[in-house]
$ cat start.txt   # compact mmCIF, C-alpha atoms
# COMPACT_ATOMS: atom_id res chain seq x y z
CA MET A 1 -15.38 12.77 12.69
CA GLN A 2 -12.34 12.58 10.43
CA ASN A 3 -12.32 13.33 6.71
CA ILE A 4 -11.05 10.64 4.36
CA TYR A 5 -10.60 11.45 0.66
CA TYR A 6 -10.29 8.88 -2.13
CA TRP A 7 -8.04 9.58 -5.09
CA SER A 8 -8.62 7.10 -7.94
CA PRO A 9 -8.71 8.76 -11.40
CA CYS A 10 -9.65 6.19 -14.04
CA LEU A 11 -10.38 5.90 -17.74
CA ASN A 12 -12.06 2.48 -17.81
CA LYS A 13 -13.99 0.29 -15.40
CA VAL A 14 -11.06 -1.78 -14.22
CA GLY A 15 -11.19 -3.79 -11.00
CA THR A 16 -9.67 -0.91 -9.04
CA VAL A 17 -12.75 1.19 -9.79
CA LYS A 18 -14.98 -1.39 -8.11
CA SER A 19 -12.47 -1.62 -5.27
CA THR A 20 -12.56 2.16 -4.78
CA VAL A 21 -16.35 2.39 -4.88
CA ASN A 22 -16.89 -0.50 -2.47
CA SER A 23 -14.18 0.72 -0.11
CA ALA A 24 -15.80 4.16 0.12
CA LEU A 25 -19.26 2.65 0.55
CA SER A 26 -18.10 0.22 3.21
CA LEU A 27 -16.44 2.94 5.26
CA SER A 28 -19.47 5.19 5.00
CA ARG A 29 -21.88 2.41 6.01
CA TYR A 30 -19.97 0.57 8.70
CA SER A 31 -17.44 2.95 10.29
CA GLN A 32 -19.89 3.95 13.05
CA ASP A 33 -19.67 7.63 12.14
CA LYS A 34 -15.90 7.78 12.52
CA PHE A 35 -15.28 9.14 9.01
CA ILE A 36 -16.70 11.59 6.49
CA VAL A 37 -16.00 9.97 3.12
CA LYS A 38 -15.33 12.02 -0.04
CA ILE A 39 -14.38 11.08 -3.61
CA ILE A 40 -12.15 13.39 -5.68
CA ASN A 41 -13.64 13.65 -9.18
CA ILE A 42 -10.89 15.19 -11.28
CA CYS A 43 -12.59 15.43 -14.67
CA GLY A 44 -15.98 13.69 -14.53
CA GLU A 45 -14.79 10.08 -14.28
CA TRP A 46 -17.04 9.50 -11.24
CA ASP A 47 -20.15 11.27 -12.55
CA GLU A 48 -22.10 8.07 -13.22
CA TYR A 49 -21.68 7.04 -9.57
CA LYS A 50 -22.92 10.30 -8.06
CA ASP A 51 -26.40 8.98 -7.27
CA ILE A 52 -24.94 5.94 -5.49
CA PHE A 53 -22.55 8.12 -3.52
CA LYS A 54 -25.30 10.57 -2.60
CA LYS A 55 -27.53 7.78 -1.25
CA ASN A 56 -24.65 6.66 0.96
CA ASN A 57 -23.68 10.12 2.26
CA ILE A 58 -20.47 10.27 0.23
CA GLU A 59 -19.57 13.69 -1.13
CA VAL A 60 -18.07 14.03 -4.63
CA ILE A 61 -15.52 16.83 -4.98
CA ASP A 62 -15.34 18.14 -8.55
CA LEU A 63 -11.71 19.17 -8.99
CA ASN A 64 -11.95 20.51 -12.57
CA PHE A 65 -14.45 21.06 -15.36
CA ASN A 66 -15.85 17.92 -16.99
CA TYR A 67 -13.58 16.89 -19.86
CA PHE A 68 -13.64 13.11 -19.23
CA LYS A 69 -15.84 12.37 -22.25
CA TYR A 70 -13.26 13.92 -24.60
CA LEU A 71 -10.32 11.80 -23.42
CA PRO A 72 -9.14 8.81 -25.52
CA LYS A 73 -9.67 5.66 -23.47
CA LYS A 74 -8.52 2.76 -25.64
CA GLY A 75 -5.03 1.92 -26.80
CA PHE A 76 -1.72 2.08 -24.92
CA PHE A 77 -0.45 5.42 -26.27
CA GLN A 78 -3.90 7.06 -26.30
CA SER A 79 -4.56 6.18 -22.67
CA ARG A 80 -1.09 7.40 -21.65
CA PHE A 81 -1.80 10.71 -23.38
CA SER A 82 -5.08 10.97 -21.43
CA TYR A 83 -3.33 10.33 -18.11
CA ILE A 84 -0.78 13.05 -18.87
CA ILE A 85 -3.63 15.50 -19.53
CA MET A 86 -5.33 14.47 -16.28
CA ILE A 87 -2.10 15.03 -14.33
CA LEU A 88 -1.34 18.42 -15.87
CA PHE A 89 -4.88 19.70 -15.28
CA SER A 90 -4.94 18.46 -11.68
CA ILE A 91 -1.61 19.51 -10.17
CA ILE A 92 -2.63 22.94 -8.92
CA PRO A 93 -6.28 22.06 -8.03
CA LEU A 94 -5.19 19.04 -5.97
CA TYR A 95 -2.52 21.06 -4.16
CA ARG A 96 -5.06 23.76 -3.31
CA LEU A 97 -7.64 21.21 -2.17
CA LEU A 98 -5.26 19.50 0.25
CA LYS A 99 -3.95 22.79 1.60
CA LYS A 100 -7.42 24.24 2.09
CA ASP A 101 -9.42 21.23 3.34
CA LYS A 102 -6.62 19.50 5.26
CA PRO A 103 -8.33 16.09 5.34
CA GLU A 104 -7.00 13.65 7.90
CA PHE A 105 -6.47 10.95 5.25
CA ILE A 106 -6.24 10.53 1.50
CA VAL A 107 -6.27 7.01 0.04
CA LEU A 108 -4.43 6.70 -3.29
CA HIS A 109 -5.70 3.97 -5.61
CA LEU A 110 -4.84 4.99 -9.19
CA LEU A 111 -2.58 7.58 -10.85
CA THR A 112 -0.73 7.79 -7.55
CA SER A 113 2.33 9.53 -9.03
CA LEU A 114 0.71 12.99 -8.89
CA PRO A 115 -0.26 13.12 -5.19
CA LEU A 116 3.04 11.45 -4.23
CA LEU A 117 4.94 14.02 -6.29
CA LEU A 118 3.18 16.82 -4.42
CA LEU A 119 3.90 15.04 -1.14
CA ASN A 120 7.63 15.11 -1.91
CA PHE A 121 7.70 18.84 -2.61
CA PHE A 122 5.23 20.24 -0.09
CA ARG A 123 4.12 19.73 3.47
CA PHE A 124 0.56 18.62 4.10
CA GLU A 125 -1.37 17.94 7.28
CA THR A 126 -2.90 14.92 5.59
CA ASN A 127 -1.88 11.28 6.08
CA PHE A 128 -1.24 9.61 2.72
CA ILE A 129 -2.31 5.95 2.36
CA LEU A 130 -0.85 4.23 -0.70
CA ARG A 131 -2.99 1.39 -2.01
CA ILE A 132 -0.92 -1.08 -4.05
CA SER A 133 -2.86 -3.72 -5.94
CA GLY A 134 -2.40 -5.82 -9.04
CA TYR A 135 1.14 -7.00 -9.69
CA PRO A 136 3.35 -3.88 -9.59
CA LYS A 137 6.32 -3.84 -11.94
CA LEU A 138 9.18 -2.76 -9.73
CA ASN A 139 11.30 -1.12 -12.40
CA PHE A 140 14.22 1.13 -11.52
CA TRP A 141 12.32 4.44 -11.66
CA ARG A 142 9.35 3.20 -9.68
CA LYS A 143 11.63 1.83 -6.98
CA ILE A 144 13.46 5.15 -6.72
CA PHE A 145 10.25 7.18 -6.66
CA TRP A 146 8.60 4.99 -4.02
CA LYS A 147 11.80 4.94 -1.97
CA ILE A 148 11.94 8.75 -1.94
CA SER A 149 8.24 8.95 -1.00
CA SER A 150 8.30 6.14 1.56
CA LYS A 151 9.17 8.19 4.65
CA LYS A 152 6.22 10.54 4.07
CA ILE A 153 3.62 7.83 3.43
CA LYS A 154 1.72 6.73 6.53
CA LYS A 155 0.74 3.23 5.37
CA ILE A 156 1.03 1.02 2.31
CA THR A 157 -1.87 -1.40 1.96
CA CYS A 158 -1.81 -4.68 0.00
CA PRO A 159 -4.67 -7.07 -0.87
CA THR A 160 -2.55 -10.24 -0.57
CA LYS A 161 0.10 -11.51 1.81
CA ASP A 162 2.25 -12.57 -1.16
CA LEU A 163 2.43 -8.93 -2.26
CA ILE A 164 3.37 -7.86 1.27
CA GLU A 165 6.27 -10.33 1.22
CA GLN A 166 7.35 -9.10 -2.21
CA LEU A 167 7.42 -5.47 -1.05
CA GLN A 168 9.19 -6.33 2.18
CA ASN A 169 11.91 -8.16 0.24
CA SER A 170 12.33 -5.15 -2.06
CA GLU A 171 13.23 -2.99 0.97
CA ILE A 172 11.51 0.06 -0.54
CA PHE A 173 9.24 0.69 2.44
CA GLU A 174 9.61 0.11 6.16
CA LYS A 175 8.16 -3.32 6.97
CA LYS A 176 5.99 -1.89 9.73
CA ASP A 177 4.27 0.43 7.26
CA ILE A 178 3.12 -2.36 4.89
CA VAL A 179 -0.24 -3.76 5.97
CA TYR A 180 -2.78 -6.29 4.77
CA LEU A 181 -6.08 -4.93 3.43
CA PRO A 182 -8.32 -7.29 1.40
CA ASP A 183 -10.34 -5.52 -1.28
CA ALA A 184 -14.02 -4.81 -0.72
CA ILE A 185 -15.12 -7.12 -3.52
CA ILE A 186 -18.31 -8.71 -2.27
CA ASN A 187 -21.51 -6.74 -1.91
CA ILE A 188 -23.88 -9.27 -0.34
CA LYS A 189 -26.96 -7.28 -1.37
CA ASP A 190 -25.94 -7.44 -5.04
CA PHE A 191 -25.26 -11.17 -4.80
CA VAL A 192 -28.61 -11.95 -3.17
CA SER A 193 -30.56 -9.80 -5.64
CA GLN A 194 -28.93 -11.51 -8.63
CA ILE A 195 -29.40 -15.10 -7.48
CA LYS A 196 -33.06 -14.32 -6.71
CA TYR A 197 -33.59 -12.70 -10.10
CA ASP A 198 -36.95 -13.92 -11.47
CA ASN A 199 -35.91 -14.02 -15.13
CA ILE A 200 -32.69 -15.95 -14.56
CA ASN A 201 -33.59 -18.55 -17.19
CA LYS A 202 -34.01 -15.81 -19.79
CA ILE A 203 -30.53 -14.54 -18.99
CA VAL A 204 -28.88 -17.95 -18.82
CA ASN A 205 -30.27 -19.30 -22.07
CA HIS A 206 -27.22 -21.38 -22.96
CA LYS A 207 -28.48 -24.94 -23.27
CA ASN A 208 -25.19 -26.85 -23.08
CA LYS A 209 -22.93 -27.30 -20.09
CA TYR A 210 -20.30 -24.58 -19.95
CA PHE A 211 -17.18 -23.25 -18.30
CA ILE A 212 -17.13 -19.54 -17.53
CA SER A 213 -14.31 -17.01 -17.59
CA VAL A 214 -14.62 -13.30 -16.81
CA GLY A 215 -12.35 -10.30 -17.30
CA ARG A 216 -11.31 -7.45 -19.56
CA LEU A 217 -10.18 -8.65 -22.96
CA THR A 218 -6.56 -7.66 -22.46
CA ARG A 219 -3.16 -9.31 -22.51
CA GLN A 220 -3.20 -9.67 -18.72
CA LYS A 221 -6.21 -11.99 -18.76
CA ASN A 222 -4.50 -14.27 -21.32
CA PHE A 223 -7.69 -15.33 -23.11
CA SER A 224 -5.65 -16.20 -26.21
CA TYR A 225 -4.00 -19.00 -24.23
CA LEU A 226 -7.40 -20.04 -22.87
CA ILE A 227 -8.79 -20.38 -26.40
CA ASP A 228 -5.77 -22.46 -27.49
CA GLU A 229 -6.14 -24.79 -24.51
CA PHE A 230 -9.89 -25.12 -24.96
CA PHE A 231 -9.31 -25.97 -28.62
CA GLU A 232 -7.16 -28.95 -27.57
CA PHE A 233 -9.66 -29.90 -24.88
CA SER A 234 -12.56 -29.78 -27.39
CA LYS A 235 -10.94 -32.52 -29.51
CA THR A 236 -11.96 -35.09 -26.90
CA ASN A 237 -14.90 -33.29 -25.26
CA ASN A 238 -17.90 -31.99 -27.17
CA GLU A 239 -20.27 -31.59 -24.23
CA THR A 240 -18.96 -28.46 -22.50
CA ASP A 241 -18.74 -24.99 -24.05
CA LEU A 242 -16.83 -21.89 -22.94
CA LEU A 243 -18.42 -18.52 -22.15
CA ILE A 244 -16.08 -15.52 -21.84
CA PHE A 245 -17.49 -12.32 -20.33
CA GLY A 246 -15.88 -8.91 -20.75
CA ASP A 247 -14.89 -6.25 -23.24
CA GLY A 248 -11.53 -4.82 -24.20
CA ASP A 249 -8.87 -4.09 -26.80
CA GLN A 250 -8.37 -7.73 -27.82
CA LYS A 251 -12.00 -8.44 -28.72
CA LYS A 252 -11.47 -8.42 -32.50
CA TYR A 253 -8.28 -10.48 -32.21
CA LEU A 254 -9.99 -13.09 -30.02
CA LEU A 255 -13.03 -13.31 -32.31
CA ASN A 256 -10.75 -13.96 -35.29
CA LYS A 257 -8.88 -16.62 -33.36
CA ILE A 258 -12.13 -18.38 -32.43
CA LYS A 259 -13.21 -18.37 -36.10
CA LYS A 260 -9.86 -19.70 -37.34
CA LYS A 261 -10.11 -22.62 -34.94
CA ASN A 262 -13.74 -23.31 -35.97
CA LEU A 263 -14.92 -22.83 -32.39
CA THR A 264 -17.76 -20.35 -33.02
CA LYS A 265 -20.27 -22.93 -31.74
CA ARG A 266 -18.19 -23.79 -28.67
CA ILE A 267 -16.66 -20.50 -27.46
CA PHE A 268 -18.84 -17.41 -26.98
CA LEU A 269 -17.66 -13.86 -26.25
CA MET A 270 -20.59 -12.62 -24.17
CA GLY A 271 -19.54 -9.01 -23.56
CA HIS A 272 -20.20 -7.32 -20.21
CA SER A 273 -23.03 -8.57 -17.98
CA SER A 274 -24.53 -6.91 -14.93
CA LYS A 275 -25.92 -10.32 -13.86
CA ILE A 276 -22.69 -12.27 -13.80
CA TYR A 277 -23.65 -14.24 -10.67
CA ALA A 278 -26.58 -15.71 -12.60
CA PHE A 279 -24.22 -17.17 -15.20
CA MET A 280 -21.81 -18.34 -12.53
CA LYS A 281 -24.51 -20.25 -10.68
CA LYS A 282 -25.28 -22.26 -13.84
CA ALA A 283 -21.67 -22.95 -14.88
CA ASP A 284 -19.72 -26.19 -14.36
CA ALA A 285 -16.49 -24.44 -13.37
CA PHE A 286 -14.74 -21.08 -13.43
CA ILE A 287 -11.45 -20.64 -15.32
CA LEU A 288 -8.87 -17.96 -14.55
CA SER A 289 -6.15 -17.81 -17.21
CA SER A 290 -4.48 -14.54 -16.15
CA LEU A 291 -0.76 -13.79 -16.30
CA TRP A 292 -1.01 -11.82 -13.04
CA GLU A 293 -3.73 -11.00 -10.51
CA ASP A 294 -3.97 -9.77 -6.95
CA PRO A 295 -5.99 -11.80 -6.14
CA GLY A 296 -8.59 -11.51 -8.92
CA PHE A 297 -12.03 -10.06 -8.24
CA VAL A 298 -13.83 -12.65 -10.36
CA LEU A 299 -12.01 -15.40 -8.48
CA ILE A 300 -13.68 -14.23 -5.27
CA GLU A 301 -17.07 -13.85 -6.96
CA ALA A 302 -16.81 -17.37 -8.38
CA ALA A 303 -16.05 -18.78 -4.93
CA LEU A 304 -19.05 -16.95 -3.48
CA SER A 305 -21.19 -18.54 -6.20
CA ASN A 306 -20.08 -22.00 -5.02
CA LEU A 307 -18.32 -22.51 -8.34
CA PHE A 308 -15.35 -24.83 -8.72
CA ILE A 309 -12.22 -22.85 -9.67
CA ILE A 310 -9.48 -23.79 -12.14
CA SER A 311 -6.77 -21.12 -12.09
CA SER A 312 -3.28 -20.34 -13.32
CA ASP A 313 -0.64 -20.14 -10.60
CA CYS A 314 0.23 -16.59 -11.67
CA PRO A 315 1.48 -14.01 -9.16
CA ASN A 316 0.24 -12.82 -6.73
CA GLY A 317 -3.17 -13.85 -5.50
CA PRO A 318 -4.59 -17.12 -6.90
CA LYS A 319 -2.16 -19.48 -5.16
CA GLU A 320 -2.79 -17.75 -1.85
CA PHE A 321 -6.57 -17.69 -2.23
CA LEU A 322 -6.76 -21.31 -3.42
CA GLN A 323 -4.37 -22.46 -0.68
CA ASN A 324 -1.87 -23.92 -3.15
CA GLY A 325 -4.55 -26.18 -4.62
CA GLU A 326 -6.50 -27.11 -1.50
CA ALA A 327 -9.42 -24.90 -2.58
CA GLY A 328 -9.38 -25.50 -6.34
CA PHE A 329 -7.15 -26.57 -9.25
CA LEU A 330 -3.92 -24.72 -10.05
CA TYR A 331 -1.99 -25.16 -13.29
CA GLU A 332 1.35 -23.74 -14.44
CA SER A 333 0.66 -20.34 -15.91
CA ASN A 334 0.82 -20.07 -19.71
CA LYS A 335 2.30 -23.57 -20.12
CA LYS A 336 1.11 -25.54 -23.13
CA SER A 337 -1.35 -28.32 -22.23
CA ALA A 338 -1.34 -27.39 -18.52
CA LEU A 339 -4.88 -26.00 -18.54
CA LYS A 340 -6.15 -28.63 -21.00
CA ASP A 341 -4.97 -31.38 -18.63
CA LYS A 342 -6.79 -29.76 -15.69
CA LEU A 343 -10.00 -29.44 -17.71
CA ASN A 344 -9.81 -33.13 -18.60
CA GLU A 345 -9.08 -34.03 -14.99
CA PHE A 346 -12.10 -32.03 -13.85
CA CYS A 347 -14.42 -33.67 -16.40
CA ASN A 348 -13.17 -37.23 -15.95
CA LEU A 349 -13.30 -37.39 -12.18
CA LYS A 350 -16.70 -38.08 -10.65
CA ASP A 351 -15.85 -36.36 -7.39
CA ASP A 352 -17.86 -33.15 -7.08
CA PHE A 353 -15.01 -31.44 -5.22
CA LYS A 354 -17.26 -30.28 -2.38
CA LYS A 355 -14.36 -29.86 0.03
CA LYS A 356 -12.38 -27.65 -2.38
CA LYS A 357 -15.43 -25.52 -3.14
CA PHE A 358 -16.17 -25.15 0.56
CA GLU A 359 -12.60 -23.99 1.28
CA ALA A 360 -12.76 -21.42 -1.53
CA LYS A 361 -16.11 -20.11 -0.37
CA ARG A 362 -14.87 -19.79 3.20
CA ASN A 363 -11.86 -17.79 1.99
CA CYS A 364 -13.97 -15.30 0.07
CA PHE A 365 -15.58 -13.81 3.18
CA ASP A 366 -12.47 -11.80 4.00
CA TYR A 367 -13.40 -9.78 0.91
CA THR A 368 -16.84 -8.54 1.97
CA MET A 369 -17.50 -4.83 2.33
CA PHE A 370 -18.09 -5.23 6.07
CA ARG A 371 -14.79 -7.03 6.68
CA HIS A 372 -12.98 -4.45 4.56
CA SER A 373 -14.36 -1.64 6.69
CA LEU A 374 -13.07 -3.36 9.83
CA PHE A 375 -9.59 -3.80 8.37
CA LEU A 376 -9.44 -0.23 7.04
CA THR A 377 -10.81 1.39 10.20
CA LYS A 378 -8.17 -0.42 12.26
CA ILE A 379 -5.42 0.81 9.91
CA LEU A 380 -6.62 4.42 10.04
CA CYS A 381 -7.13 4.50 13.78
CA HIS A 382 -3.69 3.11 14.75
$ encode --input "start.txt" --output "structure tokens"
Amino acid sequence: MQNIYYWSPCLNKVGTVKSTVNSALSLSRYSQDKFIVKIINICGEWDEYKDIFKKNNIEVIDLNFNYFKYLPKKGFFQSRFSYIIMILFSIIPLYRLLKKDKPEFIVLHLLTSLPLLLLNFFRFETNFILRISGYPKLNFWRKIFWKISSKKIKKITCPTKDLIEQLQNSEIFEKKDIVYLPDAIINIKDFVSQIKYDNINKIVNHKNKYFISVGRLTRQKNFSYLIDEFFEFSKTNNETDLLIFGDGDQKKYLLNKIKKKNLTKRIFLMGHSSKIYAFMKKADAFILSSLWEDPGFVLIEAALSNLFIISSDCPNGPKEFLQNGEAGFLYESNKKSALKDKLNEFCNLKDDFKKKKFEAKRNCFDYTMFRHSLFLTKILCH
């Protein structure tokens, strides 16, 4: 069996964390004993997942002492300071680990600059797999750094075909090295357990009809625009509320905005929920207001929940997943009245959009843990 290490240092529970966890779990469960899966835990960021990993025969490698709890995690400059500390404390331990263990593969999800920097200065017997997700900003320095590293990287994986095209056009990597790998977003066991939850009515205690939106309360998710558009929509519709799930740096700002617009009885910031499928099953429609996604984890989860999707046409993933509007509504990202018009269109038409919902649900099955393991195994074995 071959050893595959995952490198994904993180400060917060962003989507990439879920992607890393599910990818490791899928490979351990479904690879037919081809791989021994290990997670590199550089400062304690993976401690809370150790029981899950242990149950699934995934080893956690503690690279340093546990200082994760002392690192600042909120704010742009504070988080950058934390990442610098993580890099400085991990340079030598990571070098020693790769030289000593010589794993066949290491998959790089987050904070990829450190392992790639080592790759450029030293020779390793390990194949480096660069996982690119989100919407990468191809600034001058990143282009140069990736270009220098490109010849030593075995494969570059992307969760959408739009991102593959973008990278191919940039001519940073060899086209043959860029491959499609949908994220392991859907855990069928979690979905089934949530929709069968006995106390679902106690969780979903919102009496009115509602739209649902989910994501970290950050600039990327563009909830400020969503609130503005819902405010205009609410002038002619008083039947449907808006529930926003998630936490983040913009929580206070968004709460103040909701109060200023007198929408405290129409828009509700619900915080994080471990039973999000339960809320999705009861919602009228799902709204994605993001400025960029690739393709958007909650988009896939909404489709699995048979929920109608109204999404911005932001790069890279929503247009591809929704088949340019064949599997949901698309509106021009961040344009005034664009979302409001789609909300009115959804509410005024009597069509239940079964065909669009069916297409979206069919598309989401590329993102199961089992399918991910098939894609990834094929990439590693060829």
$ closest_atom_pairs --input "start.txt" --of "range 106-196 of chain A" --to "range 306-322 of chain A" --cutoff "7 Å" --atoms "all atoms listed in the file" --output "Markdown table"
| residue | atom | partner | partner_atom | distance |
| --- | --- | --- | --- | --- |
| A:Tyr135 | CA | A:Asn316 | CA | 6.6 |
| A:Thr160 | CA | A:Gly317 | CA | 6.1 |
| A:Asp162 | CA | A:Asn316 | CA | 5.9 |
| A:Leu163 | CA | A:Asn316 | CA | 6.3 |
$ residues_near_point --input "start.txt" --point "(-15.9, -24.5, 1.5)" --cutoff "12 Å" --atoms "all atoms listed in the file" --output "number ranges by chain"
A: 303-309, 322-323, 326-328, 353-365
$ residues_around --input "start.txt" --residues "range 280-284 of chain A" --least-positions-apart "3" --cutoff "6 Å" --atoms "all atoms listed in the file" --output "ChimeraX atom specification"
/A:210-211,277,305
$ closest_residue --input "start.txt" --among "A:Phe297, A:Tyr180, A:Phe140, A:Phe279" --to "Lys209 in chain A" --atoms "only C-alpha atoms"
A:Phe279
$ closest_residue --input "start.txt" --among "A:Leu27, A:Ile61, A:Leu71, A:Leu130" --to "His109 in chain A" --atoms "only C-alpha atoms"
A:Leu130
$ axis_aligned_box --input "start.txt" --around "range 313-331 of chain A" --padding-each-side "8 Å" --output "AutoDock Vina command-line options"
--center_x -4.0 --center_y -20.0 --center_z -7.0 --size_x 26.9 --size_y 30.3 --size_z 28.6
$ residues_near_point --input "start.txt" --point "(-9.9, -23.2, -36.1)" --cutoff "12 Å" --atoms "all atoms listed in the file" --output "list in words"
Ile227, Asp228, Phe230, Phe231, Glu232, Ser234, Lys235, Leu254, Leu255, Asn256, Lys257, Ile258, Lys259, Lys260, Lys261, Asn262, Leu263, Thr264, Lys265, Arg266 and Ile267 of chain A
$ closest_residue --input "start.txt" --among "A:Phe268, A:Leu288, A:Ile156, A:Tyr225" --to "Lys175 in chain A" --atoms "all atoms listed in the file"
A:Ile156
$ closest_residue --input "start.txt" --among "A:Gly44, A:Gly271, A:Gly215, A:Pro295" --to "Ile185 in chain A" --atoms "only C-alpha atoms"
A:Pro295
$ residues_around --input "start.txt" --residues "Ile85 in chain A" --least-positions-apart "2" --cutoff "12 Å" --atoms "all atoms listed in the file" --output "ChimeraX atom specification"
/A:9,11,42-43,64,67-68,70-72,78-83,87-91,111,114
$ residues_around --input "start.txt" --residues "range 117-127 of chain A" --least-positions-apart "2" --cutoff "9 Å" --atoms "all atoms listed in the file" --output "list in words"
Ile91, Leu94, Tyr95, Leu98, Lys99, Lys102, Pro103, Glu104, Phe105, Ile106, Val107, Thr112, Ser113, Leu114, Pro115, Ile129, Phe145, Ile148, Ser149, Lys152, Ile153, Lys154 and Lys155 of chain A
$ write_last_selection --input "start.txt" --atoms "C-alpha atoms" --output "PDB file, keeping the file's coordinate frame"
ATOM      1  CA  ILE A  91      -1.610  19.510 -10.170  1.00  0.00           C
ATOM      2  CA  LEU A  94      -5.190  19.040  -5.970  1.00  0.00           C
ATOM      3  CA  TYR A  95      -2.520  21.060  -4.160  1.00  0.00           C
ATOM      4  CA  LEU A  98      -5.260  19.500   0.250  1.00  0.00           C
ATOM      5  CA  LYS A  99      -3.950  22.790   1.600  1.00  0.00           C
ATOM      6  CA  LYS A 102      -6.620  19.500   5.260  1.00  0.00           C
ATOM      7  CA  PRO A 103      -8.330  16.090   5.340  1.00  0.00           C
ATOM      8  CA  GLU A 104      -7.000  13.650   7.900  1.00  0.00           C
ATOM      9  CA  PHE A 105      -6.470  10.950   5.250  1.00  0.00           C
ATOM     10  CA  ILE A 106      -6.240  10.530   1.500  1.00  0.00           C
ATOM     11  CA  VAL A 107      -6.270   7.010   0.040  1.00  0.00           C
ATOM     12  CA  THR A 112      -0.730   7.790  -7.550  1.00  0.00           C
ATOM     13  CA  SER A 113       2.330   9.530  -9.030  1.00  0.00           C
ATOM     14  CA  LEU A 114       0.710  12.990  -8.890  1.00  0.00           C
ATOM     15  CA  PRO A 115      -0.260  13.120  -5.190  1.00  0.00           C
ATOM     16  CA  ILE A 129      -2.310   5.950   2.360  1.00  0.00           C
ATOM     17  CA  PHE A 145      10.250   7.180  -6.660  1.00  0.00           C
ATOM     18  CA  ILE A 148      11.940   8.750  -1.940  1.00  0.00           C
ATOM     19  CA  SER A 149       8.240   8.950  -1.000  1.00  0.00           C
ATOM     20  CA  LYS A 152       6.220  10.540   4.070  1.00  0.00           C
ATOM     21  CA  ILE A 153       3.620   7.830   3.430  1.00  0.00           C
ATOM     22  CA  LYS A 154       1.720   6.730   6.530  1.00  0.00           C
ATOM     23  CA  LYS A 155       0.740   3.230   5.370  1.00  0.00           C
TER      24      LYS A 155
END
$ closest_residue --input "start.txt" --among "A:Leu339, A:Ile40, A:Ala24, A:Cys10" --to "Met369 in chain A" --atoms "only C-alpha atoms"
A:Ala24
$ atom_distance --input "start.txt" --atom1 "CA of Thr218 in chain A" --atom2 "CA of Val192 in chain A"
29.6 Å
$ closest_residue --input "start.txt" --among "A:Ile164, A:Leu269, A:Leu138, A:Ile4" --to "Asp294 in chain A" --atoms "all atoms listed in the file"
A:Ile164
$ atom_distance --input "start.txt" --atom1 "CA of Glu165 in chain A" --atom2 "CA of Val179 in chain A"
10.4 Å
